[in-house]
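> Provided herewith: run_12.txt, compact mmCIF, N, CA and C atoms.
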# COMPACT_ATOMS: atom_id res chain seq x y z
N MET A 59 44.75 163.52 66.03
CA MET A 59 44.49 164.74 65.28
C MET A 59 42.99 164.93 65.13
N GLN A 60 42.51 166.11 65.47
CA GLN A 60 41.08 166.40 65.38
C GLN A 60 40.81 167.23 64.13
N LEU A 61 39.82 166.79 63.36
CA LEU A 61 39.45 167.53 62.16
C LEU A 61 38.36 168.54 62.50
N THR A 62 38.46 169.70 61.91
CA THR A 62 37.44 170.73 62.11
C THR A 62 36.32 170.54 61.08
N ASN A 63 35.14 171.02 61.39
CA ASN A 63 34.03 170.86 60.46
C ASN A 63 33.82 172.09 59.59
N ILE A 64 34.79 173.02 59.60
CA ILE A 64 34.68 174.22 58.76
C ILE A 64 35.84 174.24 57.76
N ILE A 65 35.52 174.40 56.50
CA ILE A 65 36.52 174.55 55.45
C ILE A 65 36.52 176.03 55.08
N THR A 66 37.70 176.66 55.15
CA THR A 66 37.73 178.12 55.05
C THR A 66 38.15 178.64 53.68
N MET A 67 37.74 179.88 53.45
CA MET A 67 38.10 180.71 52.31
C MET A 67 37.97 180.05 50.94
N ASN A 68 36.75 179.97 50.50
CA ASN A 68 36.44 179.54 49.15
C ASN A 68 35.96 180.75 48.37
N ASN A 69 36.07 180.68 47.05
CA ASN A 69 35.58 181.74 46.18
C ASN A 69 34.48 181.17 45.30
N GLY A 70 33.50 182.00 45.01
CA GLY A 70 32.43 181.55 44.15
C GLY A 70 31.54 182.67 43.68
N THR A 71 30.46 182.28 43.02
CA THR A 71 29.49 183.22 42.47
C THR A 71 28.10 182.83 42.96
N VAL A 72 27.32 183.83 43.35
CA VAL A 72 25.95 183.58 43.78
C VAL A 72 25.14 183.19 42.55
N LYS A 73 24.65 181.95 42.54
CA LYS A 73 23.86 181.47 41.42
C LYS A 73 22.41 181.90 41.56
N PHE A 74 21.92 181.88 42.80
CA PHE A 74 20.52 182.20 43.08
C PHE A 74 20.44 182.63 44.53
N PHE A 75 19.65 183.68 44.81
CA PHE A 75 19.36 184.04 46.20
C PHE A 75 17.99 184.69 46.26
N ASN A 76 17.13 184.17 47.15
CA ASN A 76 15.78 184.69 47.33
C ASN A 76 15.74 185.45 48.66
N ASP A 77 15.67 186.78 48.58
CA ASP A 77 15.65 187.62 49.79
C ASP A 77 14.45 187.32 50.67
N GLU A 78 13.29 187.10 50.05
CA GLU A 78 12.06 186.87 50.83
C GLU A 78 12.14 185.58 51.64
N LYS A 79 12.67 184.53 51.03
CA LYS A 79 12.77 183.24 51.72
C LYS A 79 14.07 183.10 52.51
N GLY A 80 15.07 183.93 52.20
CA GLY A 80 16.30 183.95 52.97
C GLY A 80 17.27 182.83 52.68
N PHE A 81 17.27 182.33 51.45
CA PHE A 81 18.25 181.29 51.11
C PHE A 81 18.59 181.34 49.63
N GLY A 82 19.65 180.62 49.28
CA GLY A 82 20.06 180.53 47.89
C GLY A 82 21.18 179.53 47.73
N PHE A 83 21.91 179.67 46.59
CA PHE A 83 23.00 178.75 46.28
C PHE A 83 24.19 179.51 45.72
N ILE A 84 25.38 179.05 46.09
CA ILE A 84 26.63 179.63 45.61
C ILE A 84 27.37 178.55 44.83
N LYS A 85 27.87 178.91 43.65
CA LYS A 85 28.65 177.99 42.83
C LYS A 85 30.13 178.23 43.12
N ASP A 86 30.83 177.18 43.56
CA ASP A 86 32.25 177.26 43.88
C ASP A 86 33.06 177.51 42.62
N ALA A 87 33.99 178.46 42.66
CA ALA A 87 34.79 178.82 41.49
C ALA A 87 35.76 177.71 41.10
N ASN A 88 36.25 176.94 42.06
CA ASN A 88 37.26 175.92 41.77
C ASN A 88 36.67 174.57 41.38
N SER A 89 35.59 174.17 42.03
CA SER A 89 35.06 172.83 41.79
C SER A 89 33.76 172.80 41.00
N SER A 90 33.11 173.93 40.83
CA SER A 90 31.80 174.04 40.18
C SER A 90 30.69 173.37 40.99
N LYS A 91 30.98 172.96 42.24
CA LYS A 91 29.94 172.45 43.11
C LYS A 91 29.08 173.62 43.57
N GLU A 92 27.83 173.31 43.93
CA GLU A 92 26.93 174.34 44.44
C GLU A 92 26.65 174.07 45.91
N TYR A 93 26.64 175.15 46.68
CA TYR A 93 26.42 175.04 48.12
C TYR A 93 25.24 175.89 48.54
N PHE A 94 24.44 175.33 49.43
CA PHE A 94 23.31 176.04 50.01
C PHE A 94 23.81 177.16 50.90
N VAL A 95 23.15 178.30 50.86
CA VAL A 95 23.47 179.41 51.77
C VAL A 95 22.16 179.93 52.36
N HIS A 96 22.15 180.13 53.68
CA HIS A 96 20.99 180.69 54.37
C HIS A 96 21.36 182.11 54.79
N SER A 97 20.35 182.96 54.93
CA SER A 97 20.61 184.36 55.30
C SER A 97 21.37 184.47 56.62
N ASN A 98 21.25 183.47 57.51
CA ASN A 98 22.01 183.48 58.77
C ASN A 98 23.52 183.39 58.53
N GLY A 99 23.92 182.87 57.36
CA GLY A 99 25.34 182.70 57.05
C GLY A 99 25.96 183.86 56.31
N LEU A 100 25.22 184.95 56.15
CA LEU A 100 25.71 186.11 55.39
C LEU A 100 26.38 187.14 56.28
N LYS A 101 27.51 187.66 55.82
CA LYS A 101 28.16 188.81 56.44
C LYS A 101 27.81 190.08 55.67
N ASP A 102 27.55 189.95 54.37
CA ASP A 102 27.16 191.07 53.49
C ASP A 102 25.86 190.68 52.78
N MET A 103 25.13 191.68 52.33
CA MET A 103 23.96 191.42 51.50
C MET A 103 24.45 190.94 50.14
N ILE A 104 23.82 189.89 49.62
CA ILE A 104 24.23 189.35 48.32
C ILE A 104 23.05 189.27 47.37
N SER A 105 23.37 189.21 46.09
CA SER A 105 22.35 188.98 45.06
C SER A 105 22.98 188.18 43.93
N GLU A 106 22.15 187.71 43.02
CA GLU A 106 22.61 186.85 41.95
C GLU A 106 23.77 187.46 41.19
N ASN A 107 24.74 186.61 40.83
CA ASN A 107 25.95 186.95 40.06
C ASN A 107 27.01 187.70 40.86
N ASP A 108 26.80 187.93 42.16
CA ASP A 108 27.85 188.54 42.98
C ASP A 108 29.00 187.56 43.16
N GLU A 109 30.24 188.09 43.13
CA GLU A 109 31.42 187.30 43.45
C GLU A 109 31.57 187.35 44.97
N VAL A 110 31.75 186.19 45.59
CA VAL A 110 31.80 186.12 47.05
C VAL A 110 32.95 185.21 47.53
N THR A 111 33.31 185.40 48.80
CA THR A 111 34.17 184.44 49.50
C THR A 111 33.31 183.84 50.59
N PHE A 112 33.62 182.59 50.97
CA PHE A 112 32.79 181.91 51.95
C PHE A 112 33.54 180.75 52.59
N ASP A 113 33.07 180.35 53.74
CA ASP A 113 33.54 179.15 54.42
C ASP A 113 32.48 178.07 54.23
N LEU A 114 32.86 176.83 54.43
CA LEU A 114 31.90 175.72 54.35
C LEU A 114 31.79 175.07 55.72
N GLU A 115 30.56 174.76 56.08
CA GLU A 115 30.29 174.13 57.37
C GLU A 115 29.35 172.96 57.14
N GLU A 116 29.59 171.87 57.83
CA GLU A 116 28.73 170.69 57.69
C GLU A 116 27.36 170.99 58.28
N GLY A 117 26.33 170.81 57.47
CA GLY A 117 24.96 171.01 57.92
C GLY A 117 24.22 169.69 57.95
N ARG A 118 22.93 169.75 58.18
CA ARG A 118 22.12 168.53 58.24
C ARG A 118 22.06 167.79 56.92
N LYS A 119 22.12 168.54 55.82
CA LYS A 119 21.99 167.92 54.49
C LYS A 119 23.24 168.11 53.63
N GLY A 120 24.39 168.26 54.28
CA GLY A 120 25.63 168.45 53.53
C GLY A 120 26.31 169.75 53.87
N LEU A 121 27.25 170.15 53.05
CA LEU A 121 28.00 171.37 53.31
C LEU A 121 27.17 172.61 52.97
N ASN A 122 27.24 173.60 53.86
CA ASN A 122 26.57 174.88 53.66
C ASN A 122 27.60 176.00 53.63
N ALA A 123 27.33 177.03 52.83
CA ALA A 123 28.18 178.21 52.80
C ALA A 123 27.84 179.09 54.01
N VAL A 124 28.88 179.51 54.74
CA VAL A 124 28.72 180.41 55.89
C VAL A 124 29.77 181.51 55.80
N ASN A 125 29.61 182.55 56.61
CA ASN A 125 30.54 183.69 56.60
C ASN A 125 30.71 184.24 55.18
N VAL A 126 29.60 184.36 54.47
CA VAL A 126 29.62 184.80 53.06
C VAL A 126 29.81 186.30 53.01
N LYS A 127 30.84 186.71 52.24
CA LYS A 127 31.16 188.14 52.07
C LYS A 127 31.35 188.44 50.60
N LEU A 128 31.09 189.69 50.22
CA LEU A 128 31.36 190.10 48.85
C LEU A 128 32.87 190.10 48.62
N ALA A 129 33.28 189.61 47.47
CA ALA A 129 34.71 189.52 47.15
C ALA A 129 35.26 190.88 46.73
Rewrite the coordinates I just gave you, this time as structure tokens.


Amino acid sequence: MQLTNIITMNNGTVKFFNDEKGFGFIKDANSSKEYFVHSNGLKDMISENDEVTFDLEEGRKGLNAVNVKLA
């Protein structure tokens, strides 16, 4: 059995996002963990306190939020 490196469909809230630097953090609604998000992983424009859905992908420094969309 092969495991995939993407965990799909999580819900959370944008805790912080810096448009100029192109990154931020999303707080998972279920676990309260925070995940790094880069502007390359966005499907929609986001800002602080937005409710979002996202997938998780293994990055160099842990799990990153990708395919981020407004909920």

> Hey, can you check how far atom C of Ala87 of chain A sits from atom N of Arg118 of chain A?

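Computed distance, atom C of Ala87 of chain A to atom N of Arg118 of chain A, equals 22.8 Å.
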
> Val95 of chain A: which residues within 6.5 Å, counting all atoms listed in the file, same-chain residues fewer than 2 positions away excluded, as a list in words?

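Close residues of Val95 of chain A: Gly80, Phe81, Gly82, Phe83, Ile84, Tyr93, Ser97, Asn98, Gly99, Asn122, Ala123 and Val124 of chain A.
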
> Work out how far atom N of Glu106 of chain A is from atom C of Leu121 of chain A, in Å to one decimal.

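One can read the atom C of Leu121 of chain A to atom N of Glu106 of chain A distance as 18.8 Å.
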
> For segment 108-115 of chain A, list every protein, DNA or RNA residue within 5 Å, evaluated using all atoms listed in the file, and leave out those in the same chain fewer than 2 positions away; present the list as a ChimeraX atom specification.

/A:63-72,105-106,117,121-129

> List every residue of segment 76-119 of chain A that DSSP, applied to the backbone of this structure, assigns to strand (DSSP E or B), and report them as a ChimeraX atom specification.

/A:76,81-86,92-96,100,109-117

> Atom CA of Glu78 of chain A to atom CA of Leu100 of chain A: how many Å, to one decimal?

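That distance, rounded to one decimal, is 14.4 Å.
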